[in-house]
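In what follows, a single structure is set out as C-alpha cells and then discussed.
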Amino acid sequence: MTKKPQLEVEVGGIRMKNPVMTASGTFGYGEEFSPFIDLDKLGAIVLKGITLKPKRGNPPPRIIETPSGILNAIGLQNVGVEVLINKKLPYLQKFTTPVIINISGDTLEEYVELARKLDNISQEKGIAGLEINISCPNVQKGGMVWGTEAQLTYKVVNNIRKVTTLPLIVKLSPNVTDIKVIAQAAEEAGADALSLINTLVGMAVDVSLRRPKLANISGGLSGPAVKPVALWMVWQVFQTVNIPIIGMGGIMKAEDALEFIIAGARAVSIGTANLVNPKAAIEIIKGIEEYLVENKIKDINELVGSLKI
Amino acid sequence: MTKKPQLEVEVGGIRMKNPVMTASGTFGYGEEFSPFIDLDKLGAIVLKGITLKPKRGNPPPRIIETPSGILNAIGLQNVGVEVLINKKLPYLQKFTTPVIINISGDTLEEYVELARKLDNISQEKGIAGLEINISCPNVQKGGMVWGTEAQLTYKVVNNIRKVTTLPLIVKLSPNVTDIKVIAQAAEEAGADALSLINTLVGMAVDVSLRRPKLANISGGLSGPAVKPVALWMVWQVFQTVNIPIIGMGGIMKAEDALEFIIAGARAVSIGTANLVNPKAAIEIIKGIEEYLVENKIKDINELVGSLKI
Amino acid sequence: MILNIKVKILSQKEVVPNIYLMKLKAPEITQTALPGQFIHIKCSQDYYPLLRRPISIHRIDKEKGETFILFQVVGEGTKLLSQKAMGDELDILGPLGNGFNIYPQSQKIMIVGGGIGVASLLALAEESIRQGKEVRVLIGALKRELVLGEKSFRSLGAKVDIVTNDGSYKHKGLITNLLEEDIQEGWLPDQIFTCGPKPMLRKIAEIASKVNIDGQVSLEEHMGCGIGACLGCVCKIKTKEKNNNKEEYDYKRVCIDGPVFKASEVIWDD
Amino acid sequence: MILNIKVKILSQKEVVPNIYLMKLKAPEITQTALPGQFIHIKCSQDYYPLLRRPISIHRIDKEKGETFILFQVVGEGTKLLSQKAMGDELDILGPLGNGFNIYPQSQKIMIVGGGIGVASLLALAEESIRQGKEVRVLIGALKRELVLGEKSFRSLGAKVDIVTNDGSYKHKGLITNLLEEDIQEGWLPDQIFTCGPKPMLRKIAEIASKVNIDGQVSLEEHMGCGIGACLGCVCKIKTKEKNNNKEEYDYKRVCIDGPVFKASEVIWDD
Ligand SMILES: Cc1cc2nc3c(=O)[nH]c(=O)nc-3n(C[C@H](O)[C@H](O)[C@H](O)COP(=O)(O)OP(=O)(O)OC[C@H]3O[C@@H](n4cnc5c(N)ncnc54)[C@H](O)[C@@H]3O)c2cc1C
Ligand SMILES: Cc1cc2nc3c(=O)[nH]c(=O)nc-3n(C[C@H](O)[C@H](O)[C@H](O)COP(=O)(O)OP(=O)(O)OC[C@H]3O[C@@H](n4cnc5c(N)ncnc54)[C@H](O)[C@@H]3O)c2cc1C
Ligand SMILES: Cc1cc2nc3c(=O)[nH]c(=O)nc-3n(C[C@H](O)[C@H](O)[C@H](O)COP(=O)(O)O)c2cc1C
Ligand SMILES: Cc1cc2nc3c(=O)[nH]c(=O)nc-3n(C[C@H](O)[C@H](O)[C@H](O)COP(=O)(O)O)c2cc1C
Ligand code: FES
Ligand code: FES
C-alpha cells in the first residue's frame, strides 16, 4: 500500500488542504452546496462577488448556453457586504476551509472601503483572504477597466494593499492584449497571488427575434470552450511573475485541473462545472490524488509548472 | 411561388454572388474542395496565407482538438508567392468566384513587396483583392504583433495601400484589449474592409507526458467555441467603422452565419467547418436563402446589422 | 433535502406529437417531492449540451416510488432526453423549487394549464383532491392533437374543460375567456394555480386580482445551477416598499424562490 | 474520386478486447479504394468531438460493395464509433491517401503489422496474392488475446508468423527480430510493407535499408480536413537536395502525400 500523496498547497499565505477551490459566482455563499459535498474537503471557498451596497444585477435572461460554454451576465447581483458579514459568513465559520471574499467596486474608493471593512472583521468572521475582481465584464462602470490597463491595476491593488494585511489575490481579465503586463503590475502593487482567468466577453444572437440572447447584450464566456485560452495565459503569467497562480477556465474534470497545475497553477478554481455537477470539486480532488499515486508523485507541489518544453 | 431573395453583397469593392466566403487556411487553394462543391457557387474564395518565400511551417502535431474547437499551429506553411501565381491561380481562373489572397510577412518590407507583386499580376491572374493577415499567432516573427498595436496596424496597412489599388481587407486579431481601436487604425490607413476574427491564442497540455499537445506549444483556437467572442467583436467593430465587415469564428451552420450578419457582418467566412464538412459553405448559403424566404426578406443587405437592442 | 442521483428510466412514450411522458424510478425523490417542484436533468453525457435542463415533476406516485415528467422537444437538450430509452440512467438534481401552496381553508381550486404548462399541474390536482377540495381544470392547446392530460385529470375526479385556439376540439378561443366565464357564472375559486405561456399567466394574474383571489403562477427562466447559487434564473418580483408609488422590485431566483410566485407579486414587463 | 457520403453499417463486433470490426455498405468507395488508403469518419452528430477520425480501409469486397474497418477504442471518437450499431448511418469521406505501391516485378512480399497497425494491411495482402505474389505476414501483439487477423491472412494463402511481446502465443519478443531472422534464413523479400508503432516502423526502415530493399511505411498524424487543404497532418520527409550533407526535409501531408511513404525517405526524429 502506497502512502497518500501530499496535496497541501500554500497560496499567498493561505494554506489549503488541497489545490481545489471554488470560483467566485458559481458557488454562491457555499451553503447552497452543502447538501452535495462536505465543504471541509475543499481547498478553499471563494464567495460570490460582493460590493459595498447590495446590487440588483442585470435583467434576465442572464445565462445562455453556447458550444461547450456558457455566457453569463449576472451583473454582480449580491446582498452587499453588511448582509454578507452578518448572514452569510457565520455559517461558513463552522468549517475549517479557508473562505476568500471576492470584492468589486465601481470606484477606487469603494474597493478600498470594502477591503478595509472586511479587514476589520476578518479575524472574528474568519476571512482568509480577499480576491480583487478587476475583471468583471458584466457591470457598467468600473468592473473590467481596472484589469485592462496596467496603471489602473497597479493603482487599485496598491491602494487596497495599504488598508489590509489580508492575503490579496488579484483576479485578471483575459480580455487584454498582454496579460503578462497586467500580472506584473499586480505583483508590483503588492498582490500575494493572481487568479486567472475571468470570463471572455462574448455575445449570442437569437436569429428569429434578431435580438441579443442576453438582456445585457454581452456576457462573460466560461466553461470548457475557454480552457485553451486560460491555459495559455496561466503558462504565460507563470513565466513572468513570482507569486502563486490560481488557474481557472473550463475545468470540468481532474485532467483539466492537472493541465493547469502542470502549466504553472499552484491551485485551481472550479467554476461552471459547479453549475453542471455540484460534486465536481470533490471528484476533481479525488482524481488529482489518483493521478499523483499512479505517477508516483509524492507532493502536488512538484507538479506545479512541470511542463516540459 | 415566392421570388428568390437577393443574396448579392459588395465588400470593399468586391462583388459577391452571396455573402459566404471561405476562411484562409481552411480551404487550401480551392482545388482541394472541387470534388465536393461547385466553386462557382461561393461568394468568394480566400486562399491559404501566402508569403514572399515558401515557408516550411511548424513541426507536428499541428492540430489538436479541444471542446467544440481546435487549436492549430500550422506556422503558415505555404508554397511561396511564385508557385502560387504560376501553379495555383490558373486553376481558379476557370471560375467566376472572386479570389482573395491572404498575405503575411515577417517585416513591413515583405508585406509591401508581396502586395506589389500581386498587384502587378492581379489583372492577368484574376485576383479580386488582398486580405492582410496581421493576426497570425503561429509564427515567430511579425505575425500577430502587427495586429495588436494600432500604430503598427496603421503603418503596415498604409504602406500596402500605397502600392496597390486592389481591395484591401485587413484581418484583425481577437487577442487585443480593444479591437475597436485597431479597426479604426486599419480604416484610417485605407482598408476597404475588415475581416474578424482570426484565432485566439491557446494551448493544451498532455498530462501523461506533461508536454504541450502542440509541438509549437501554443496555437490558434477556432471553431464553435470562439463564436460568442467573435460575434461580440463584430458587433463592436460594426458600431465603430464605416467599412464592411467579414465576420468569422465558429460558423458551422446557416444560423451561425445569420447571427454574424445580424450583428453587422456584410459577409461571413467559413473556416473550421470546412475541415469537418467539405460541403459546409454551400449548405450555409442554402440555409441563409431559406431563412430570407421564411422571413420575407427580399435582400440580404437588409439583414446586415439589423440587431434590435 | 435536495439530491443529486442517477435514476432509472422505467418508460418513455410520445403522448402527443413531440411531447413525451417519462416515468422514473426515484423513491428518494417521491418521498419529499411537492406539486410544482421540478428536477434538473443532465441530458447529455458530455458538453453538448453542457447545462442541465429544468423539467417539472408531472406526477408523484409515492407508493411505487415513481416520478413522471412530461416534456416537449424544443432543442438539443430535450431532443436527447426524448431519445433515452427504458432502462437508461438519468442524472438528476431535485426535488427543486418551492412548489404550489394550497391553503388549508381553500375549498374551490381552479387549475389552468396552457400548452406544456399542464406538465406541472397534474400532481397539484391530485394533491388538492386528496385534500378534499373541489377542483376544476382548464386545459388550453393550439389544436386537438396537442391537448394534454384530459384523461389524467378526469380520472382524478376533477371537472375538466378544454379550449383549443383553432376550435378543433371543445371550446374555441382563449383559455382565459373560459376562466372569466366560469367566474361570471358564479364559480368563484379560492385559489387559481396556473402554468403556461407568459401572456396567459399575465392575463390570469389580472383576472385573479380583479376578483381578488389568490393566484399562483409557475414561471420559467434560463437556469444554471438550479440550487440558488449562480443567480442566473431571476425574475422581477415586487418588493414591499414602493418609493413614491413607483413599483419597486428585486430579482428573485426562479429555481429556489420559485418557480411558483404569487401572481400579484410578479412584474410582467417585456 | 473522393466522396463525402453517408453509408450504412452492416455489422459491428468486438473482435478482440477493445478492438472492433465494422462492415460498411459502400459500393462507391470499394469501386476505387486501394490497399493502404483510409476513410475520414464523423463519429459524432455534434461538436463533441468536432473533427473527423481517420481510419484505414481494412478489407475491400468489390463484389459485395462492402468496406471493412478495424479500429481500437482510444478516446472519445473511437468510443462513439464503437457504440454505433447495425443499420446506423456513418458520414464518411474517402477513399483518401495514396495507398501502398506494389511493384509489378516484385515476387516476394513481406507484410509486417504491429498492434492495430494490422488494420491497414489485410487488403494489401489480398491484392498481393491476387497478383500472384508470394506473401509472408508477420503479426505482432502485446499478448495472446490481442493478436489480430491471424485467420484472415491465412485464409488468403499467406504464410503467417506471430510474435507476442510476452510470449503468451507463438514467438516471444520483438516482431523486428523475427523479420531479421527470416531475411538471414534467406527469404529476402522484394518489398516490405508495414504499419504500426513508430519505433517498430523505424527499426524496419533500418532493416530494409541495410539489405536495401524497398520498404513502405504507413504513418499516422493528427488530421483536420483529410484532403490536403489544412496542412495539419504533416510528417518530415527528406528532400532530394542535401546542403553540405545535412539531411534537408519538407513537411509532407500524411492525408494526401501519404499515409504511405518510402521508409528510406522518412525522418524519424523524436
Ligand atoms: C422550473 C421549470 C420547469 C419546467 N418544466 C418543464 C416541463 O415540465 N416540461 C417541458 O417541456 N419544459 C419545461 N420547462 C422548460 C424546459 O426547461 C425547456 O424547454 C428546456 O430547458 C429547453 O432545453 P433545450 O435544450 O431542449 O432547448 P434549447 O432552446 O436548445 O435550450 C437552450 C438553453 O435555453 C434554456 N431554455 C430554453 N427554453 C427554456 C424555458 N422555457 N425555460 C427555461 N430555460 C429554457 C435551456 O435550458 C438551455 O439552457 C421548464 C422550465 C423551468 C424553468
Ligand atoms: C491514416 C490513418 C489511418 C488510421 N487507421 C486506423 C485504423 O485503421 N484503426 C485504428 O484503430 N486507428 C487508426 N488510426 C488512428 C486513429 O485515427 C486514432 O486512433 C483516432 O483518431 C483516435 O481518435 P479518438 O477520438 O478516439 O482519440 P483521442 O485521443 O480522443 O483523439 C483526440 C485527437 O487526436 C487525434 N488522434 C489521436 N490518436 C491519433 C493517431 N494515432 N493518429 C491520428 N490522429 C490521432 C484524433 O483524431 C483527435 O483529433 C489511423 C490514423 C491515421 C492518421
Ligand atoms: C454565473 C457566473 C457568475 C460569476 N460571477 C463572478 C463574480 O461574481 N466574480 C468573479 O470574479 N468572477 C465571477 N465569475 C467568473 C468565474 O469565477 C470564473 O473566473 C470563470 O467562470 C472561468 O471559470 P470556469 O470556466 O470554470 O467557469 C462568474 C462566472 C459565472 C459562470
Ligand atoms: C488550420 C487553420 C489554418 C489557418 N490558416 C490561416 C492563414 O493562413 N491565414 C489567416 O489569416 N487565417 C488562418 N486561419 C484562421 C481562419 O482563417 C479563421 O480566421 C479562424 O479559423 C476562425 O474561423 P473558424 O472558427 O470558422 O475556423 C487558419 C485557421 C485554421 C483552423
Ligand atoms: S439557476 Fe442558479 S440561481 Fe437559479
Ligand atoms: S488533414 Fe488537412 S492537410 Fe492533411
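By order of appearance in the C-alpha cells: chains A, B, ..., then residues from 1 within every chain, and ligands from 1 in the order shown.
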Within 12 Å of chain D, which residues of chain A are there when counting only C-alpha atoms? Please give them as a VMD selection string.
-> chain A and resid 66 to 68 224 to 225
Can you check which residues of stretch 168-299 of chain A DSSP gives as helix (DSSP H, G or I) on the backbone and send them as a ChimeraX atom specification?
-> /A:179-188,224-238,254-262,272-276,280-294
Using only C-alpha atoms, which residues sit within 6 Å of C:Val112 once same-chain residues fewer than 2 positions away are excluded, as a PyMOL selection string?
-> chain C and resi 137-138+194
For atom CA of C:Gly167 and atom CA of C:Lys143, the interatomic separation in Å (one decimal) = 7.0 Å
Considering only C-alpha atoms and all ligand atoms, give me a table of residues in chain C that are at most 9 Å from ligand 5, with the closest atom pair and distance in Å for each, as a tab-separated table.
```
residue	atom	partner	partner_atom_place_in_ligand_line	distance
C:Glu221	CA	ligand 5	1 (S)	8.4
C:His222	CA	ligand 5	1 (S)	7.3
C:Met223	CA	ligand 5	1 (S)	3.9
C:Gly224	CA	ligand 5	1 (S)	4.0
C:Cys225	CA	ligand 5	2 (Fe)	3.9
C:Gly226	CA	ligand 5	1 (S)	3.8
C:Ile227	CA	ligand 5	2 (Fe)	5.6
C:Gly228	CA	ligand 5	3 (S)	3.4
C:Ala229	CA	ligand 5	3 (S)	4.6
C:Cys230	CA	ligand 5	2 (Fe)	3.8
C:Leu231	CA	ligand 5	3 (S)	3.7
C:Gly232	CA	ligand 5	2 (Fe)	4.9
C:Cys233	CA	ligand 5	4 (Fe)	4.4
C:Val234	CA	ligand 5	4 (Fe)	6.8
C:Lys252	CA	ligand 5	4 (Fe)	8.8
C:Arg253	CA	ligand 5	4 (Fe)	5.1
C:Val254	CA	ligand 5	4 (Fe)	5.9
C:Cys255	CA	ligand 5	4 (Fe)	4.3
C:Ile256	CA	ligand 5	4 (Fe)	6.4
C:Asp257	CA	ligand 5	4 (Fe)	8.6
```
Keeping only N, CA and C atoms, write the selected residues to a file as a compact mmCIF listing (two decimals), in the first residue's frame.
```txt
# COMPACT_ATOMS: atom_id res chain seq x y z
N GLU C 221 -37.40 30.38 -16.40
CA GLU C 221 -36.28 31.23 -16.80
C GLU C 221 -35.08 30.33 -17.08
N HIS C 222 -34.19 30.82 -17.93
CA HIS C 222 -32.96 30.06 -18.21
C HIS C 222 -32.21 29.82 -16.91
N MET C 223 -31.74 28.60 -16.72
CA MET C 223 -31.11 28.25 -15.46
C MET C 223 -29.68 27.78 -15.61
N GLY C 224 -28.92 28.03 -14.57
CA GLY C 224 -27.61 27.42 -14.45
C GLY C 224 -27.71 26.31 -13.42
N CYS C 225 -27.35 26.64 -12.18
CA CYS C 225 -27.19 25.64 -11.13
C CYS C 225 -28.48 24.95 -10.70
N GLY C 226 -29.59 25.70 -10.65
CA GLY C 226 -30.85 25.15 -10.17
C GLY C 226 -30.97 25.11 -8.66
N ILE C 227 -29.94 25.55 -7.96
CA ILE C 227 -29.95 25.45 -6.49
C ILE C 227 -29.70 26.80 -5.80
N GLY C 228 -29.89 27.88 -6.55
CA GLY C 228 -29.82 29.19 -5.90
C GLY C 228 -28.45 29.82 -5.82
N ALA C 229 -27.46 29.20 -6.45
CA ALA C 229 -26.09 29.67 -6.26
C ALA C 229 -25.61 30.66 -7.31
N CYS C 230 -26.09 30.52 -8.54
CA CYS C 230 -25.47 31.31 -9.63
C CYS C 230 -26.23 32.58 -9.97
N LEU C 231 -27.44 32.73 -9.48
CA LEU C 231 -28.26 33.92 -9.75
C LEU C 231 -28.54 34.09 -11.23
N GLY C 232 -28.60 32.99 -11.95
CA GLY C 232 -28.81 33.05 -13.38
C GLY C 232 -30.27 33.11 -13.80
N CYS C 233 -31.17 32.73 -12.90
CA CYS C 233 -32.55 32.42 -13.29
C CYS C 233 -33.59 33.38 -12.77
N VAL C 234 -33.24 34.65 -12.66
CA VAL C 234 -34.11 35.56 -11.91
C VAL C 234 -35.32 36.08 -12.69
N LYS C 252 -35.69 37.88 -8.11
CA LYS C 252 -35.77 36.66 -7.31
C LYS C 252 -35.41 35.46 -8.18
N ARG C 253 -34.87 34.43 -7.57
CA ARG C 253 -34.43 33.24 -8.30
C ARG C 253 -35.59 32.27 -8.53
N VAL C 254 -35.86 31.99 -9.79
CA VAL C 254 -36.93 31.06 -10.12
C VAL C 254 -36.65 29.67 -9.53
N CYS C 255 -35.39 29.31 -9.45
CA CYS C 255 -35.05 27.93 -9.06
C CYS C 255 -35.27 27.65 -7.59
N ILE C 256 -35.24 28.70 -6.76
CA ILE C 256 -35.32 28.43 -5.32
C ILE C 256 -36.35 29.32 -4.63
N ASP C 257 -36.47 30.58 -5.05
CA ASP C 257 -37.54 31.43 -4.53
C ASP C 257 -38.84 31.07 -5.24
```
Protein and nucleic residues near ligand 2, 7 Å, only C-alpha atoms and all ligand atoms, as a ChimeraX atom specification | /B:64-65 /D:38,49,51-58,69-79,116-117,119-120,219-223,254-255,259
What would the file look like if the residues just selected were written as a PDB file, in the first residue's frame with C-alpha atoms?
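Heads up, here's the output in result-v1.pdb:
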```
ATOM      1  CA  ILE B  64      -5.355  19.417 -31.584  1.00  0.00           C
ATOM      2  CA  GLU B  65      -8.998  19.112 -30.784  1.00  0.00           C
TER       3      GLU B  65
ATOM      4  CA  PHE D  38      -8.254   5.366 -45.411  1.00  0.00           C
ATOM      5  CA  PRO D  49     -15.889  15.504 -30.872  1.00  0.00           C
ATOM      6  CA  LEU D  51     -13.205  16.674 -36.135  1.00  0.00           C
ATOM      7  CA  ARG D  52     -13.423  13.528 -38.231  1.00  0.00           C
ATOM      8  CA  ARG D  53     -11.332  10.481 -37.379  1.00  0.00           C
ATOM      9  CA  PRO D  54      -9.078   8.802 -39.947  1.00  0.00           C
ATOM     10  CA  ILE D  55      -9.448   5.012 -40.103  1.00  0.00           C
ATOM     11  CA  SER D  56      -7.749   2.697 -42.615  1.00  0.00           C
ATOM     12  CA  ILE D  57      -9.644   0.589 -45.067  1.00  0.00           C
ATOM     13  CA  HIS D  58      -9.141  -2.904 -43.678  1.00  0.00           C
ATOM     14  CA  ILE D  69     -12.654  -1.130 -40.921  1.00  0.00           C
ATOM     15  CA  LEU D  70     -10.832  -2.416 -37.858  1.00  0.00           C
ATOM     16  CA  PHE D  71     -10.347   0.071 -35.067  1.00  0.00           C
ATOM     17  CA  GLN D  72      -9.202   0.347 -31.484  1.00  0.00           C
ATOM     18  CA  VAL D  73     -11.025   2.458 -28.917  1.00  0.00           C
ATOM     19  CA  VAL D  74      -8.559   5.012 -27.584  1.00  0.00           C
ATOM     20  CA  GLY D  75     -10.675   8.102 -26.988  1.00  0.00           C
ATOM     21  CA  GLU D  76     -13.947   9.918 -27.485  1.00  0.00           C
ATOM     22  CA  GLY D  77     -14.237   9.494 -31.241  1.00  0.00           C
ATOM     23  CA  THR D  78     -13.462   5.800 -31.483  1.00  0.00           C
ATOM     24  CA  LYS D  79     -15.632   5.203 -28.429  1.00  0.00           C
ATOM     25  CA  ILE D 116      -3.700  -2.173 -34.579  1.00  0.00           C
ATOM     26  CA  GLY D 117      -1.339  -1.471 -37.492  1.00  0.00           C
ATOM     27  CA  ALA D 119      -5.766  -2.857 -39.852  1.00  0.00           C
ATOM     28  CA  SER D 120      -4.319  -1.281 -42.982  1.00  0.00           C
ATOM     29  CA  LEU D 219       2.270   6.833 -40.994  1.00  0.00           C
ATOM     30  CA  GLU D 220      -0.223   8.469 -38.669  1.00  0.00           C
ATOM     31  CA  GLU D 221      -0.636  12.096 -37.692  1.00  0.00           C
ATOM     32  CA  HIS D 222      -3.386  14.248 -36.205  1.00  0.00           C
ATOM     33  CA  MET D 223      -5.648  15.364 -39.016  1.00  0.00           C
ATOM     34  CA  VAL D 254       0.038  12.349 -44.378  1.00  0.00           C
ATOM     35  CA  CYS D 255      -3.522  12.629 -45.685  1.00  0.00           C
ATOM     36  CA  PRO D 259      -0.204   7.879 -45.448  1.00  0.00           C
TER      37      PRO D 259
END
```
Could you produce a table of the residues of chain B lying within 9 Å of ligand 6, with the nearest pair of atoms per residue and their separation in Å rounded to one decimal, using only C-alpha atoms and all ligand atoms, ordered by chain and increasing residue number, as a Markdown table?
```
| residue | atom | partner | partner_atom_place_in_ligand_line | distance |
| --- | --- | --- | --- | --- |
| B:Thr26 | CA | ligand 6 | 2 (Fe) | 8.2 |
| B:Gly28 | CA | ligand 6 | 3 (S) | 8.3 |
| B:Ile63 | CA | ligand 6 | 1 (S) | 8.7 |
| B:Leu275 | CA | ligand 6 | 2 (Fe) | 7.2 |
```
Just the selected residues (N, CA and C atoms), exported as an mmCIF file, in the first residue's frame, please.
```
data_model
loop_
_atom_site.group_PDB
_atom_site.id
_atom_site.type_symbol
_atom_site.label_atom_id
_atom_site.label_comp_id
_atom_site.auth_asym_id
_atom_site.auth_seq_id
_atom_site.Cartn_x
_atom_site.Cartn_y
_atom_site.Cartn_z
ATOM 1 N N THR B 26 -8.196 27.233 -44.345
ATOM 2 C CA THR B 26 -9.097 26.099 -44.136
ATOM 3 C C THR B 26 -9.671 25.596 -45.460
ATOM 4 N N GLY B 28 -7.494 25.513 -48.347
ATOM 5 C CA GLY B 28 -6.343 25.260 -49.205
ATOM 6 C C GLY B 28 -6.243 26.290 -50.306
ATOM 7 N N ILE B 63 -2.369 20.150 -35.184
ATOM 8 C CA ILE B 63 -3.795 20.338 -34.911
ATOM 9 C C ILE B 63 -4.214 19.486 -33.720
ATOM 10 N N LEU B 275 -13.211 21.819 -42.493
ATOM 11 C CA LEU B 275 -12.408 20.648 -42.145
ATOM 12 C C LEU B 275 -13.298 19.496 -41.702
#
```
Using only C-alpha atoms, which of the listed residues (A:Ile297, A:Leu172, A:Ala215, A:Leu52) sits closest to chain B?
->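 For chain B, the nearest of the candidates is A:Ala215.
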So which residues of stretch 49-198 of chain D fall under strand (DSSP E or B) by DSSP, listed as a PyMOL selection string?
-> chain D and resi 53-56+59-61+66-72+89-96+108-114+134-141+159-164+171-172+191-195
Interface list for chain A, partner chain B, 6 Å threshold, only C-alpha atoms, as JSON, numbers by chain = {"A": [67, 68, 175, 176, 177, 202, 203, 204, 205, 207, 210, 211, 224, 225, 228, 229, 232, 259, 307, 308]}
What lies within 8 Å of C:Leu122 using only C-alpha atoms, ignoring chain neighbours under 5 positions off, as a ChimeraX atom specification?
-> /C:35,58-59,149,152-153
